[in-house]
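As stored in run-v8.pdb (PDB, C-alpha atoms):
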```pdb
ATOM      1  CA  MET Y   1      21.663  19.008 -52.237
ATOM      2  CA  ASN Y   2      22.735  22.569 -51.504
ATOM      3  CA  ASN Y   3      22.248  24.322 -48.169
ATOM      4  CA  THR Y   4      20.036  27.087 -49.583
ATOM      5  CA  GLN Y   5      17.417  24.635 -50.752
ATOM      6  CA  CYS Y   6      13.966  24.740 -49.134
ATOM      7  CA  MET Y   7      12.920  21.258 -47.974
ATOM      8  CA  ILE Y   8       9.207  20.363 -48.067
ATOM      9  CA  THR Y   9       8.003  17.482 -45.894
ATOM     10  CA  VAL Y  10       5.461  15.087 -47.391
ATOM     11  CA  GLY Y  11       3.211  13.435 -44.813
ATOM     12  CA  VAL Y  12       1.582  10.024 -44.827
ATOM     13  CA  GLY Y  13      -0.979   9.767 -47.627
ATOM     14  CA  ASP Y  14       0.082  13.158 -48.965
ATOM     15  CA  LEU Y  15       1.298  14.594 -52.262
ATOM     16  CA  LYS Y  16       3.570  17.570 -52.902
ATOM     17  CA  ILE Y  17       4.812  18.941 -56.230
ATOM     18  CA  THR Y  18       7.478  21.617 -56.527
ATOM     19  CA  GLN Y  19      10.169  23.023 -58.772
ATOM     20  CA  ALA Y  20      13.927  23.358 -58.267
ATOM     21  CA  PRO Y  21      15.555  24.499 -56.060
ATOM     22  CA  HIS Y  22      13.018  23.084 -53.583
ATOM     23  CA  GLY Y  23      13.404  19.539 -52.307
ATOM     24  CA  LEU Y  24      10.968  16.977 -50.926
ATOM     25  CA  LYS Y  25      11.386  14.505 -48.065
ATOM     26  CA  THR Y  26       9.414  11.812 -46.278
ATOM     27  CA  LEU Y  27       9.689   8.832 -43.942
ATOM     28  CA  LEU Y  28       8.413   5.445 -45.119
ATOM     29  CA  GLY Y  29       7.701   2.015 -43.679
ATOM     30  CA  SER Y  30       5.246  -0.252 -45.495
ATOM     31  CA  CYS Y  31       4.117   2.828 -47.423
ATOM     32  CA  ILE Y  32       5.606   3.544 -50.853
ATOM     33  CA  GLY Y  33       7.102   6.879 -51.813
ATOM     34  CA  ILE Y  34       6.807   7.565 -55.526
ATOM     35  CA  VAL Y  35       9.038  10.273 -56.966
ATOM     36  CA  LEU Y  36       8.163  11.684 -60.380
ATOM     37  CA  HIS Y  37      10.689  13.963 -62.060
ATOM     38  CA  ASP Y  38      10.712  16.053 -65.201
ATOM     39  CA  PRO Y  39      14.437  16.767 -65.661
ATOM     40  CA  ILE Y  40      13.850  19.294 -68.474
ATOM     41  CA  ASN Y  41      11.574  21.615 -66.506
ATOM     42  CA  LYS Y  42      13.080  20.610 -63.127
ATOM     43  CA  ILE Y  43       9.670  19.799 -61.702
ATOM     44  CA  GLY Y  44       9.367  17.045 -59.153
ATOM     45  CA  GLY Y  45       6.760  15.489 -56.973
ATOM     46  CA  LEU Y  46       6.493  12.975 -54.190
ATOM     47  CA  LEU Y  47       3.438  10.860 -53.404
ATOM     48  CA  HIS Y  48       3.347   8.903 -50.123
ATOM     49  CA  ILE Y  49       0.782   6.113 -50.526
ATOM     50  CA  MET Y  50      -0.395   3.959 -47.618
ATOM     51  CA  LEU Y  51      -2.423   1.225 -49.279
ATOM     52  CA  PRO Y  52      -2.715  -0.327 -52.755
ATOM     53  CA  LYS Y  53      -6.439   0.176 -53.368
ATOM     54  CA  LYS Y  54      -9.107   2.552 -52.148
ATOM     55  CA  ASN Y  55     -12.170   0.958 -50.639
ATOM     56  CA  GLY Y  56     -14.957   2.662 -48.799
ATOM     57  CA  ASN Y  57     -15.768   6.340 -48.690
ATOM     58  CA  ASP Y  58     -12.385   7.821 -47.750
ATOM     59  CA  VAL Y  59     -12.130  11.142 -49.587
ATOM     60  CA  LYS Y  60      -8.318  11.337 -49.386
ATOM     61  CA  ILE Y  61      -7.440   9.700 -52.712
ATOM     62  CA  THR Y  62      -3.683  10.292 -52.282
ATOM     63  CA  LYS Y  63      -3.522   7.590 -49.590
ATOM     64  CA  TYR Y  64      -4.056   4.870 -52.191
ATOM     65  CA  ALA Y  65      -1.982   3.775 -55.180
ATOM     66  CA  ASN Y  66      -4.932   3.119 -57.506
ATOM     67  CA  THR Y  67      -6.433   6.593 -57.013
ATOM     68  CA  GLY Y  68      -3.448   8.684 -55.894
ATOM     69  CA  LEU Y  69      -0.958   7.746 -58.588
ATOM     70  CA  PRO Y  70      -3.140   8.631 -61.627
ATOM     71  CA  TYR Y  71      -4.107  11.874 -59.824
ATOM     72  CA  PHE Y  72      -0.395  12.599 -59.155
ATOM     73  CA  ILE Y  73       0.508  12.164 -62.835
ATOM     74  CA  TYR Y  74      -2.427  14.365 -63.872
ATOM     75  CA  GLN Y  75      -1.385  17.107 -61.414
ATOM     76  CA  MET Y  76       2.260  16.991 -62.560
ATOM     77  CA  VAL Y  77       1.317  17.484 -66.209
ATOM     78  CA  THR Y  78      -1.848  19.600 -66.069
ATOM     79  CA  HIS Y  79      -1.162  21.922 -63.156
ATOM     80  CA  ALA Y  80       2.595  21.880 -62.536
ATOM     81  CA  GLY Y  81       3.628  22.066 -66.214
ATOM     82  CA  ALA Y  82       5.693  18.880 -66.375
ATOM     83  CA  SER Y  83       6.260  17.292 -69.763
ATOM     84  CA  ARG Y  84       4.539  13.889 -69.773
ATOM     85  CA  GLY Y  85       7.117  12.490 -72.197
ATOM     86  CA  SER Y  86      10.073  13.333 -69.974
ATOM     87  CA  LEU Y  87       8.645  12.008 -66.684
ATOM     88  CA  TYR Y  88      10.353   9.118 -64.950
ATOM     89  CA  ALA Y  89       9.764   7.483 -61.571
ATOM     90  CA  LYS Y  90      11.764   6.255 -58.594
ATOM     91  CA  ILE Y  91      10.098   4.198 -55.859
ATOM     92  CA  PHE Y  92      11.039   3.543 -52.236
ATOM     93  CA  GLY Y  93       9.651   1.853 -49.142
ATOM     94  CA  GLY Y  94       7.314  -1.099 -49.008
ATOM     95  CA  ALA Y  95       9.002  -2.645 -45.977
ATOM     96  CA  LYS Y  96       7.414  -5.471 -44.025
ATOM     97  CA  MET Y  97       7.183  -3.586 -40.756
ATOM     98  CA  PHE Y  98       5.022  -6.008 -38.794
ATOM     99  CA  GLU Y  99       4.661  -9.761 -38.580
ATOM    100  CA  THR Y 100       1.209 -10.548 -39.935
ATOM    101  CA  ASN Y 101       1.079 -14.331 -39.394
ATOM    102  CA  GLY Y 102       1.055 -15.053 -43.110
ATOM    103  CA  LEU Y 103      -1.597 -12.467 -43.892
ATOM    104  CA  LEU Y 104      -1.304  -9.733 -46.503
ATOM    105  CA  ASN Y 105       2.097  -8.061 -46.733
ATOM    106  CA  ILE Y 106       1.023  -4.413 -47.130
ATOM    107  CA  GLY Y 107       4.449  -3.211 -48.340
ATOM    108  CA  GLU Y 108       4.648  -5.849 -51.060
ATOM    109  CA  SER Y 109       1.031  -5.223 -52.128
ATOM    110  CA  ASN Y 110       1.736  -1.486 -52.334
ATOM    111  CA  GLU Y 111       4.786  -2.067 -54.535
ATOM    112  CA  ILE Y 112       2.948  -4.431 -56.894
ATOM    113  CA  GLU Y 113       0.122  -1.926 -57.412
ATOM    114  CA  VAL Y 114       2.505   1.037 -57.904
ATOM    115  CA  ARG Y 115       4.548  -0.873 -60.491
ATOM    116  CA  ARG Y 116       1.366  -1.963 -62.318
ATOM    117  CA  ILE Y 117       0.007   1.581 -62.548
ATOM    118  CA  LEU Y 118       3.305   3.144 -63.657
ATOM    119  CA  LYS Y 119       3.637   0.498 -66.384
ATOM    120  CA  GLU Y 120       0.034   1.122 -67.479
ATOM    121  CA  GLU Y 121       0.712   4.878 -67.559
ATOM    122  CA  GLY Y 122       3.910   4.374 -69.597
ATOM    123  CA  ILE Y 123       6.195   5.914 -66.976
ATOM    124  CA  LYS Y 124       9.558   4.185 -66.584
ATOM    125  CA  ILE Y 125      10.904   3.340 -63.138
ATOM    126  CA  VAL Y 126      14.595   4.250 -63.341
ATOM    127  CA  SER Y 127      15.482   3.124 -59.819
ATOM    128  CA  ALA Y 128      13.868   1.474 -56.838
ATOM    129  CA  LYS Y 129      14.774   0.478 -53.308
ATOM    130  CA  THR Y 130      11.948  -1.467 -51.724
ATOM    131  CA  GLY Y 131      11.297  -4.205 -49.206
ATOM    132  CA  GLY Y 132      13.201  -5.151 -46.101
ATOM    133  CA  THR Y 133      11.990  -4.753 -42.533
ATOM    134  CA  LYS Y 134      13.222  -1.258 -41.617
ATOM    135  CA  GLY Y 135      11.978   2.260 -42.235
ATOM    136  CA  TYR Y 136      13.257   4.581 -44.950
ATOM    137  CA  ASN Y 137      14.151   8.272 -44.938
ATOM    138  CA  ILE Y 138      14.228   9.769 -48.445
ATOM    139  CA  ILE Y 139      15.203  13.220 -49.676
ATOM    140  CA  PHE Y 140      14.487  14.194 -53.291
ATOM    141  CA  ASP Y 141      16.499  16.909 -55.049
ATOM    142  CA  THR Y 142      14.225  18.350 -57.766
ATOM    143  CA  ASP Y 143      17.184  20.015 -59.479
ATOM    144  CA  THR Y 144      19.286  16.890 -60.073
ATOM    145  CA  GLY Y 145      16.605  14.213 -59.684
ATOM    146  CA  GLU Y 146      18.747  12.438 -57.089
ATOM    147  CA  VAL Y 147      17.076  10.712 -54.172
ATOM    148  CA  THR Y 148      19.113  10.241 -51.027
ATOM    149  CA  CYS Y 149      17.828   7.118 -49.279
ATOM    150  CA  ARG Y 150      18.685   6.015 -45.785
ATOM    151  CA  ILE Y 151      17.306   2.797 -44.423
ATOM    152  CA  PHE Y 152      17.456   3.061 -40.646
ATOM    153  CA  GLY Y 153      20.685   1.558 -39.352
ATOM    154  CA  GLU Y 154      22.298   1.374 -42.815
ATOM    155  CA  ALA Y 155      24.500   3.590 -44.957
ATOM    156  CA  ILE Y 156      23.088   6.431 -47.060
ATOM    157  CA  VAL Y 157      22.709   5.585 -50.765
ATOM    158  CA  ILE Y 158      21.957   8.017 -53.612
ATOM    159  CA  TYR Y 159      19.596   6.874 -56.398
TER     160      TYR Y 159
END
```
Serialized structure, structure tokens:
Amino acid sequence: MNNTQCMITVGVGDLKITQAPHGLKTLLGSCIGIVLHDPINKIGGLLHIMLPKKNGNDVKITKYANTGLPYFIYQMVTHAGASRGSLYAKIFGGAKMFETNGLLNIGESNEIEVRRILKEEGIKIVSAKTGGTKGYNIIFDTDTGEVTCRIFGEAIVIY
């Protein structure tokens, strides 16, 4: 990641798509960060989903894997100019941040839904770092496709 690069922050339940040399970053807990990259056109995006499935009347579809991820793929190809055939994914987050007394593990449920949708859409996951009990800080370089991942209290790893 070079020092002249503009870094765009992606908030909770948000989606950002950009082109090199811009980068994308977010913080994750039980949420999942999905990176899509077109290495040919150097277009990348980051979707920060909160929950696996939309229920109710919430209009913010990017908060949910089942509505946000298909929308993300559509936006990458239709509006950003990414080549569908060259897209690949990297996923991060899905930590178990809170003890839920045996109830639903949100992080795990998020990961299962994200993996299901990407498989259904025919987009290969080339790397993933998910689970655990600590938060994640990820930085995505749209030029190289590298994601720098730091789990709080652990060493930085590049995916």
Given the PyMOL selection byres ((chain Y and resi 105) around 12), the residues it picks as a PyMOL selection string = chain Y and resi 29-31+51-52+94-104+106-112+131-133
Tell me which protein, DNA and RNA residues are within 10 Å of Ile8 (chain Y), counting only C-alpha atoms, leaving out same-chain ones fewer than 2 positions away, and put them as a ChimeraX atom specification.
-> /Y:5-6,10-11,16-18,22-26,46,139-140
The PyMOL selection byres ((chain Y and resi 123) around 7) resolved against shown file, as a PyMOL selection string = chain Y and resi 87-89+118-119+121-122+124-125
Selected by the PyMOL selection byres ((chain Y and resi 33) around 7) in the shown coordinates: which residues, as a PyMOL selection string?
-> chain Y and resi 28+31-32+34-35+46-49+91-93
Any idea what's packed within 7 Å of Lys54 (chain Y), counting all atoms listed in the file, ignoring anything in its chain fewer than 6 positions away? Could you give it as a PyMOL selection string?
-> chain Y and resi 64+66-67
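With distances taken over all atoms listed in the file, Y:Ile117 is the one residue among Y:Val157, Y:Met7, Y:Ile117, Y:Ile151 lying closest to Tyr71 (chain Y).
Between Ile73 (chain Y) and the candidates Y:Lys90, Y:Lys134, Y:Lys129, Y:His37, the tightest atom-to-atom separation, counting all atoms listed in the file, involves Y:His37.
The spacing separating CA of Gly81 (chain Y) from CA of Thr130 (chain Y) amounts to 28.9 Å.
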Take CA of Asp38 (chain Y) and CA of Glu146 (chain Y) and report the distance between them in Å, one decimal.
-> 12.0 Å
Show which residues sit within 10 Å of Ile156 (chain Y), as a PyMOL selection string. Count only C-alpha atoms, and ignore same-chain residues fewer than 5 positions away.
-> chain Y and resi 137-138+148-151
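Interatomic distance, CA of Pro70 (chain Y) against CA of Glu113 (chain Y): 11.8 Å.
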